[in-house]
>>> print(open('run_32.txt').read())   # compact mmCIF, C-alpha atoms
# COMPACT_ATOMS: atom_id res chain seq x y z
CA MET A 673 -68.01 11.29 -113.49
CA LYS A 674 -68.23 14.98 -112.63
CA LYS A 675 -68.51 14.05 -108.97
CA TYR A 676 -65.19 12.17 -109.12
CA ILE A 677 -63.46 15.03 -110.94
CA VAL A 678 -64.63 17.56 -108.34
CA ALA A 679 -63.49 15.30 -105.50
CA LEU A 680 -60.11 14.77 -107.13
CA PHE A 681 -59.70 18.52 -107.71
CA ALA A 682 -60.53 19.23 -104.08
CA LEU A 683 -58.01 16.64 -102.96
CA PHE A 684 -55.17 18.25 -104.89
CA CYS A 685 -56.09 21.68 -103.57
CA LEU A 686 -55.49 20.61 -99.98
CA PRO A 687 -52.13 21.70 -98.47
CA ALA A 688 -49.73 18.77 -98.01
CA TYR A 689 -50.10 17.07 -94.60
CA ALA A 690 -52.28 19.94 -93.34
CA THR A 691 -55.01 17.66 -92.04
CA THR A 692 -52.90 14.58 -91.39
CA VAL A 693 -53.44 13.72 -87.73
CA VAL A 694 -50.17 12.40 -86.35
CA ALA A 695 -51.26 11.87 -82.76
CA THR A 696 -53.86 12.60 -80.13
CA VAL A 697 -53.08 13.45 -76.53
CA ASN A 698 -55.97 13.13 -74.11
CA GLY A 699 -58.23 13.66 -77.09
CA ARG A 700 -56.39 16.69 -78.48
CA THR A 701 -55.12 16.27 -82.04
CA ILE A 702 -51.65 17.10 -83.29
CA THR A 703 -51.26 17.35 -87.07
CA ASP A 704 -48.24 17.08 -89.31
CA ASP A 705 -48.63 20.78 -90.03
CA ASP A 706 -48.49 21.53 -86.29
CA ILE A 707 -45.23 19.61 -86.02
CA THR A 708 -43.76 21.53 -88.95
CA ALA A 709 -44.61 24.78 -87.15
CA ARG A 710 -43.07 23.51 -83.90
CA VAL A 711 -39.85 22.47 -85.70
CA LYS A 712 -39.65 25.99 -87.11
CA LEU A 713 -40.07 27.45 -83.63
CA MET A 714 -37.32 25.17 -82.33
CA SER A 715 -34.97 26.38 -85.06
CA TYR A 716 -35.65 30.01 -84.10
CA GLN A 717 -34.70 29.11 -80.53
CA GLY A 718 -31.46 27.48 -81.69
CA LYS A 719 -32.66 24.00 -80.70
CA VAL A 720 -31.48 21.69 -83.44
CA SER A 721 -31.79 17.92 -83.25
CA THR A 722 -30.96 15.08 -85.60
CA ASP A 723 -34.59 14.00 -85.21
CA ASN A 724 -36.40 17.34 -85.10
CA ARG A 725 -39.89 16.12 -85.91
CA ARG A 726 -39.95 13.41 -83.25
CA VAL A 727 -38.55 15.87 -80.69
CA ALA A 728 -41.17 18.43 -81.72
CA LEU A 729 -43.94 15.87 -81.29
CA GLN A 730 -42.66 14.88 -77.84
CA ASN A 731 -42.51 18.55 -76.84
CA MET A 732 -46.10 19.07 -77.99
CA ILE A 733 -47.26 16.01 -76.08
CA ASP A 734 -45.54 17.41 -73.00
CA ASP A 735 -47.28 20.76 -73.55
CA VAL A 736 -50.69 19.11 -73.40
CA VAL A 737 -49.71 17.06 -70.36
CA LYS A 738 -48.38 20.13 -68.55
CA MET A 739 -51.45 22.22 -69.26
CA ASN A 740 -53.81 19.44 -68.16
CA TYR A 741 -51.93 19.09 -64.89
CA ALA A 742 -51.73 22.86 -64.37
CA SER A 743 -55.50 23.11 -64.77
CA ASN A 744 -55.87 21.05 -61.58
CA PHE A 745 -54.45 24.04 -59.72
CA GLY A 746 -56.40 26.64 -61.67
CA ILE A 747 -53.22 27.75 -63.44
CA ASN A 748 -53.76 29.28 -66.86
CA PRO A 749 -51.31 32.05 -67.86
CA THR A 750 -52.99 35.15 -69.23
CA ASP A 751 -52.68 36.26 -72.85
CA LYS A 752 -50.68 39.24 -71.60
CA ASP A 753 -48.14 36.93 -69.96
CA ILE A 754 -47.83 34.94 -73.18
CA ASP A 755 -47.49 38.05 -75.34
CA ASN A 756 -44.72 39.37 -73.08
CA GLU A 757 -42.81 36.10 -73.31
CA LEU A 758 -43.17 35.97 -77.09
CA LYS A 759 -41.98 39.56 -77.34
CA HIS A 760 -38.85 38.72 -75.35
CA MET A 761 -38.15 35.78 -77.66
CA GLY A 762 -37.83 38.16 -80.60
CA LEU A 763 -39.34 35.78 -83.14
CA PRO A 764 -39.60 36.78 -86.82
CA ALA A 765 -42.90 37.02 -88.67
CA LEU A 766 -44.96 33.84 -88.22
CA THR A 767 -47.94 32.37 -89.99
CA GLU A 768 -51.20 32.13 -88.07
CA ASN A 769 -50.65 28.44 -87.27
CA GLU A 770 -47.04 29.08 -86.24
CA LYS A 771 -48.24 31.83 -83.89
CA ASN A 772 -50.76 29.46 -82.32
CA ILE A 773 -48.14 26.73 -81.87
CA ALA A 774 -45.69 29.24 -80.37
CA ARG A 775 -48.36 30.52 -77.98
CA ASP A 776 -49.23 26.96 -76.91
CA ALA A 777 -45.55 26.20 -76.25
CA VAL A 778 -45.00 29.36 -74.23
CA ARG A 779 -48.27 28.96 -72.30
CA ALA A 780 -47.35 25.40 -71.30
CA ASN A 781 -43.84 26.47 -70.27
CA VAL A 782 -45.09 29.36 -68.13
CA ALA A 783 -47.79 27.19 -66.57
CA TRP A 784 -45.28 24.46 -65.74
CA GLN A 785 -42.92 26.96 -64.12
CA ILE A 786 -45.78 28.12 -61.89
CA VAL A 787 -46.64 24.50 -61.04
CA VAL A 788 -43.02 23.79 -60.11
CA ALA A 789 -42.81 26.95 -57.99
CA ARG A 790 -46.01 26.10 -56.12
CA THR A 791 -45.78 22.34 -55.73
CA VAL A 792 -42.18 21.20 -56.19
CA LEU A 793 -39.96 23.99 -54.90
CA PRO A 794 -41.48 23.94 -51.37
CA MET A 795 -40.47 20.25 -51.15
CA VAL A 796 -36.82 20.90 -52.00
CA ASP A 797 -34.46 20.26 -49.11
CA ILE A 798 -31.00 21.78 -49.56
CA ASN A 799 -28.30 20.90 -47.04
CA ASP A 800 -24.71 22.06 -46.50
CA THR A 801 -23.37 19.23 -48.64
CA ASP A 802 -25.55 20.27 -51.59
CA ILE A 803 -24.33 23.86 -51.28
CA ALA A 804 -20.70 22.76 -51.01
CA ASN A 805 -21.05 20.58 -54.10
CA GLU A 806 -22.72 23.40 -56.01
CA LYS A 807 -19.99 25.81 -54.98
CA ALA A 808 -17.28 23.34 -56.06
CA GLU A 809 -18.98 22.87 -59.43
CA LEU A 810 -19.27 26.62 -59.91
CA ALA A 811 -15.60 27.03 -58.99
CA ARG A 812 -14.57 24.50 -61.61
CA GLU A 813 -16.84 25.69 -64.40
CA ARG A 814 -16.82 29.48 -64.02
CA GLY A 815 -14.73 30.32 -61.00
CA LEU A 816 -15.67 32.16 -57.81
CA PRO A 817 -15.12 35.85 -56.97
CA ILE A 818 -12.21 34.91 -54.72
CA GLU A 819 -8.78 36.48 -54.93
CA MET A 820 -6.15 33.76 -54.83
CA THR A 821 -2.39 33.95 -54.33
CA MET A 822 -0.69 30.91 -55.80
CA VAL A 823 2.64 29.33 -56.56
CA ARG A 824 3.13 27.40 -59.78
CA LEU A 825 6.00 25.06 -60.70
CA ILE A 826 6.40 24.34 -64.41
CA ASP A 827 8.04 21.27 -65.97
CA ILE A 828 8.55 19.58 -62.62
CA PRO A 829 9.89 16.00 -62.73
CA GLN A 830 8.01 13.31 -60.83
CA SER A 831 11.07 12.71 -58.67
CA ILE A 832 11.01 16.32 -57.45
CA TYR A 833 7.25 16.32 -56.95
CA GLU A 834 7.58 13.38 -54.58
CA LYS A 835 9.99 15.39 -52.41
CA LEU A 836 7.64 18.37 -51.96
CA THR A 837 6.31 18.69 -48.41
CA THR A 838 3.65 20.91 -46.86
CA PRO A 839 5.05 24.44 -46.53
CA LYS A 840 4.39 26.80 -43.62
CA ASN A 841 3.44 29.67 -45.91
CA CYS A 842 3.82 30.95 -49.46
CA ASP A 843 7.38 32.14 -48.98
CA ASP A 844 8.33 28.76 -47.55
CA ALA A 845 6.81 27.09 -50.64
CA ILE A 846 8.86 29.30 -52.95
CA LYS A 847 12.07 28.62 -51.01
CA MET A 848 11.37 24.87 -51.06
CA ALA A 849 10.88 24.91 -54.83
CA GLU A 850 14.06 26.95 -55.36
CA ASN A 851 16.05 24.53 -53.20
CA PHE A 852 15.00 21.73 -55.55
CA GLY A 853 16.26 23.75 -58.50
CA GLY A 854 12.86 24.93 -59.64
CA ALA A 855 11.75 28.38 -60.85
CA PRO A 856 8.47 28.98 -58.99
CA GLN A 857 5.97 31.56 -60.23
CA LYS A 858 3.98 33.50 -57.64
CA PHE A 859 0.89 35.34 -58.80
CA THR A 860 -2.47 36.67 -57.58
CA ALA A 861 -5.69 36.43 -59.57
CA ILE A 862 -9.46 36.26 -59.19
CA GLN A 863 -10.52 32.63 -59.55
CA TYR A 864 -12.97 33.28 -62.40
CA GLU A 865 -10.12 34.95 -64.36
CA LEU A 866 -8.10 31.73 -64.38
CA SER A 867 -8.20 29.37 -67.34
CA PRO A 868 -10.52 26.35 -67.01
CA ASP A 869 -7.64 23.87 -66.76
CA VAL A 870 -6.12 25.78 -63.83
CA ARG A 871 -9.51 26.12 -62.10
CA ASN A 872 -10.04 22.39 -62.37
CA VAL A 873 -6.77 21.84 -60.50
CA ILE A 874 -7.23 24.38 -57.70
CA ALA A 875 -11.05 24.32 -57.22
CA ASP A 876 -11.02 21.79 -54.36
CA LEU A 877 -7.36 22.17 -53.40
CA PRO A 878 -6.81 22.83 -49.67
CA ILE A 879 -4.66 25.81 -48.69
CA LEU A 880 -0.87 25.14 -48.65
CA THR A 881 -1.27 21.79 -50.39
CA TRP A 882 0.62 20.91 -53.55
CA SER A 883 -1.60 19.73 -56.36
CA LYS A 884 -0.89 16.59 -58.34
CA PRO A 885 1.13 17.22 -61.51
CA VAL A 886 -1.04 18.34 -64.41
CA ASN A 887 0.73 18.73 -67.74
CA SER A 888 4.02 18.80 -65.81
CA SER A 889 2.82 21.71 -63.64
CA VAL A 890 2.13 21.78 -59.90
CA PHE A 891 0.05 24.41 -58.08
CA LEU A 892 -0.19 25.52 -54.48
CA VAL A 893 -2.74 28.00 -53.12
CA CYS A 894 -1.08 30.22 -50.52
CA ASN A 895 -4.14 32.13 -49.37
CA THR A 896 -7.53 33.32 -50.50
CA LYS A 897 -9.51 36.51 -50.02
CA LYS A 898 -13.19 37.10 -50.70
CA THR A 899 -13.89 40.04 -52.98
CA LYS A 900 -16.82 42.45 -52.67
CA GLU A 901 -18.68 40.41 -55.28
CA TYR A 902 -18.67 37.46 -52.89
CA GLY A 903 -21.32 39.06 -50.67
CA ASN A 904 -24.40 37.46 -52.23
CA LEU A 905 -22.66 34.34 -53.52
CA ASP A 906 -23.96 31.92 -50.88
CA LYS A 907 -27.52 33.08 -51.53
CA PHE A 908 -27.03 32.64 -55.28
CA ILE A 909 -25.51 29.18 -54.84
CA LYS A 910 -28.36 28.06 -52.58
CA GLN A 911 -30.95 29.30 -55.07
CA ASN A 912 -29.12 27.55 -57.91
CA ALA A 913 -28.95 24.29 -55.94
CA GLU A 914 -32.66 24.56 -55.11
CA TYR A 915 -33.50 25.19 -58.77
CA LYS A 916 -31.49 22.18 -59.98
CA GLN A 917 -33.07 19.87 -57.42
CA ALA A 918 -36.54 21.23 -58.22
CA MET A 919 -35.99 20.67 -61.96
CA THR A 920 -34.88 17.08 -61.33
CA MET A 921 -37.97 16.43 -59.21
CA ALA A 922 -40.20 18.15 -61.78
CA GLU A 923 -38.81 15.98 -64.60
CA GLN A 924 -39.59 12.85 -62.60
CA GLN A 925 -43.11 14.12 -62.04
CA LEU A 926 -43.51 14.89 -65.74
CA LYS A 927 -42.46 11.32 -66.62
CA GLN A 928 -45.23 9.98 -64.38
CA LEU A 929 -47.77 12.34 -65.97
CA ARG A 930 -46.73 11.18 -69.45
CA ARG A 931 -47.41 7.56 -68.47
CA ARG A 932 -50.92 8.48 -67.33
CA ALA A 933 -51.73 10.47 -70.46
CA VAL A 934 -53.70 8.84 -73.26
CA VAL A 935 -51.34 9.22 -76.20
CA VAL A 936 -52.28 7.63 -79.53
CA ILE A 937 -49.72 7.79 -82.34
CA LYS A 938 -51.54 7.48 -85.67
CA ASP A 939 -48.55 7.85 -87.98
CA ASN A 940 -45.90 5.10 -87.95
CA ARG A 941 -43.19 7.67 -88.78
CA TYR A 942 -43.64 9.12 -85.32
CA LYS A 943 -43.76 5.99 -83.19
CA LEU A 944 -42.04 6.89 -79.90
>>> encode(input="run_32.txt", output="structure tokens")
Amino acid sequence: MKKYIVALFALFCLPAYATTVVATVNGRTITDDDITARVKLMSYQGKVSTDNRRVALQNMIDDVVKMNYASNFGINPTDKDIDNELKHMGLPALTENEKNIARDAVRANVAWQIVVARTVLPMVDINDTDIANEKAELARERGLPIEMTMVRLIDIPQSIYEKLTTPKNCDDAIKMAENFGGAPQKFTAIQYELSPDVRNVIADLPILTWSKPVNSSVFLVCNTKKTKEYGNLDKFIKQNAEYKQAMTMAEQQLKQLRRRAVVVIKDNRYKL
């Protein structure tokens, strides 16, 4: 009888879920307590999901997969690298297990970045079309450091819009608009200073071409001028295009590595 009482007492003294193995990845165990710590880390990073625990488990599976693959190249970030990354994250006080989970997450992320830089990035092939597309996207989303002189017609009827022709220059565009009874506005601004709705209209608009009516307004770009900030833009855009393509290729590679991994889900709540 005493034996049963001792066993029962020991059972109730165990922390809830602490030793509950949720999954194994290539033989490495992930417990419910580990997932709780990873969810907490995600919240500190501002990563909130409607299904936090499943997302946390998938992230931890990916961490193991990434580290296993990185080991093939002898990649294992040093403790100093990890400590520096954690310091930059500015995390609050963590329990010992939370620290270990955070270190594992950061180590896998750093290792994967090195893998991508060594194995994926050299395979990236960026052409002029990729750069042009990236530049157009940047122009629409944030705007380029380009000074633009434009003409804007407000509250223009469709019947008048259909009569607009290609002007010779900005002054000709203004005169044309005035002849149709309009009140054109001429202004100069840096593209990234324009509101998003205006950027979306003029981003891919050829010079001296009337835009289609947007909210009863029509735009025409008279001329453009590169500012001093534009100097390193092409280099930045190329690097950004290379990074995006590399990340897409890396995600495809990670999917293949996940399929090869031996993942055993032991808790039905976490079936993926």
>>> residues_around(input="run_32.txt", residues="region 778-787 of chain A", least_positions_apart="2", cutoff="7 Å", atoms="only C-alpha atoms", output="list in words")
Asp735, Lys738, Met739, Ala742, Ile747, Asn748, Pro749, Ile754, Ala774, Arg775, Asp776, Ala789, Arg790 and Thr791 of chain A
>>> write_last_selection(input="run_32.txt", atoms="C-alpha atoms", output="short mmCIF file (atom, residue, chain, number, x, y, z; two decimals), in the coordinates of the input")
data_model
loop_
_atom_site.label_atom_id
_atom_site.label_comp_id
_atom_site.auth_asym_id
_atom_site.auth_seq_id
_atom_site.Cartn_x
_atom_site.Cartn_y
_atom_site.Cartn_z
CA ASP A 735 -47.28 20.76 -73.55
CA LYS A 738 -48.38 20.13 -68.55
CA MET A 739 -51.45 22.22 -69.26
CA ALA A 742 -51.73 22.86 -64.37
CA ILE A 747 -53.22 27.75 -63.44
CA ASN A 748 -53.76 29.28 -66.86
CA PRO A 749 -51.31 32.05 -67.86
CA ILE A 754 -47.83 34.94 -73.18
CA ALA A 774 -45.69 29.24 -80.37
CA ARG A 775 -48.36 30.52 -77.98
CA ASP A 776 -49.23 26.96 -76.91
CA ALA A 789 -42.81 26.95 -57.99
CA ARG A 790 -46.01 26.10 -56.12
CA THR A 791 -45.78 22.34 -55.73
#
>>> closest_residue(input="run_32.txt", among="A:Ile773, A:Val936, A:Gln917, A:Gln925", to="Leu793 (chain A)", atoms="all atoms listed in the file")
A:Gln917
>>> atom_distance(input="run_32.txt", atom1="CA of Ile818 (chain A)", atom2="CA of Tyr902 (chain A)")
7.2 Å
>>> closest_residue(input="run_32.txt", among="A:Ser889, A:Asn895, A:Ser831, A:Thr750", to="Leu877 (chain A)", atoms="all atoms listed in the file")
A:Asn895
>>> atom_distance(input="run_32.txt", atom1="CA of Tyr833 (chain A)", atom2="CA of Arg814 (chain A)")
28.3 Å
>>> decode(input="run_32.txt", residues="region 725-765 of chain A", atoms="C-alpha atoms", output="CSV table (one decimal), in the first residue's frame")
chain,number,residue,atom,x,y,z
A,725,ARG,CA,1.4,25.3,-30.6
A,726,ARG,CA,1.2,23.5,-33.9
A,727,VAL,CA,3.3,26.3,-35.5
A,728,ALA,CA,5.8,26.1,-32.7
A,729,LEU,CA,6.1,22.3,-33.2
A,730,GLN,CA,6.6,22.7,-36.9
A,731,ASN,CA,9.3,25.4,-36.3
A,732,MET,CA,11.1,23.0,-33.9
A,733,ILE,CA,10.9,20.2,-36.4
A,734,ASP,CA,12.5,22.5,-39.0
A,735,ASP,CA,15.2,23.5,-36.5
A,736,VAL,CA,16.3,19.8,-36.2
A,737,VAL,CA,16.1,19.3,-39.9
A,738,LYS,CA,18.2,22.5,-40.6
A,739,MET,CA,20.8,21.6,-38.1
A,740,ASN,CA,21.1,18.0,-39.4
A,741,TYR,CA,21.6,19.3,-42.9
A,742,ALA,CA,24.0,22.0,-41.8
A,743,SER,CA,26.2,19.4,-40.1
A,744,ASN,CA,26.9,17.8,-43.6
A,745,PHE,CA,28.8,21.0,-44.3
A,746,GLY,CA,30.5,21.2,-40.9
A,747,ILE,CA,28.4,24.2,-40.0
A,748,ASN,CA,27.8,24.7,-36.3
A,749,PRO,CA,27.5,28.3,-35.1
A,750,THR,CA,29.6,29.1,-32.1
A,751,ASP,CA,28.1,29.9,-28.7
A,752,LYS,CA,29.5,33.5,-29.1
A,753,ASP,CA,27.5,33.9,-32.4
A,754,ILE,CA,24.3,32.6,-30.6
A,755,ASP,CA,24.9,34.8,-27.6
A,756,ASN,CA,25.3,37.9,-29.8
A,757,GLU,CA,22.0,37.1,-31.7
A,758,LEU,CA,20.1,36.6,-28.4
A,759,LYS,CA,21.5,39.8,-27.1
A,760,HIS,CA,20.2,41.7,-30.2
A,761,MET,CA,16.8,40.1,-29.7
A,762,GLY,CA,16.5,41.8,-26.3
A,763,LEU,CA,14.5,39.0,-24.7
A,764,PRO,CA,13.3,39.3,-21.1
A,765,ALA,CA,14.4,37.0,-18.3
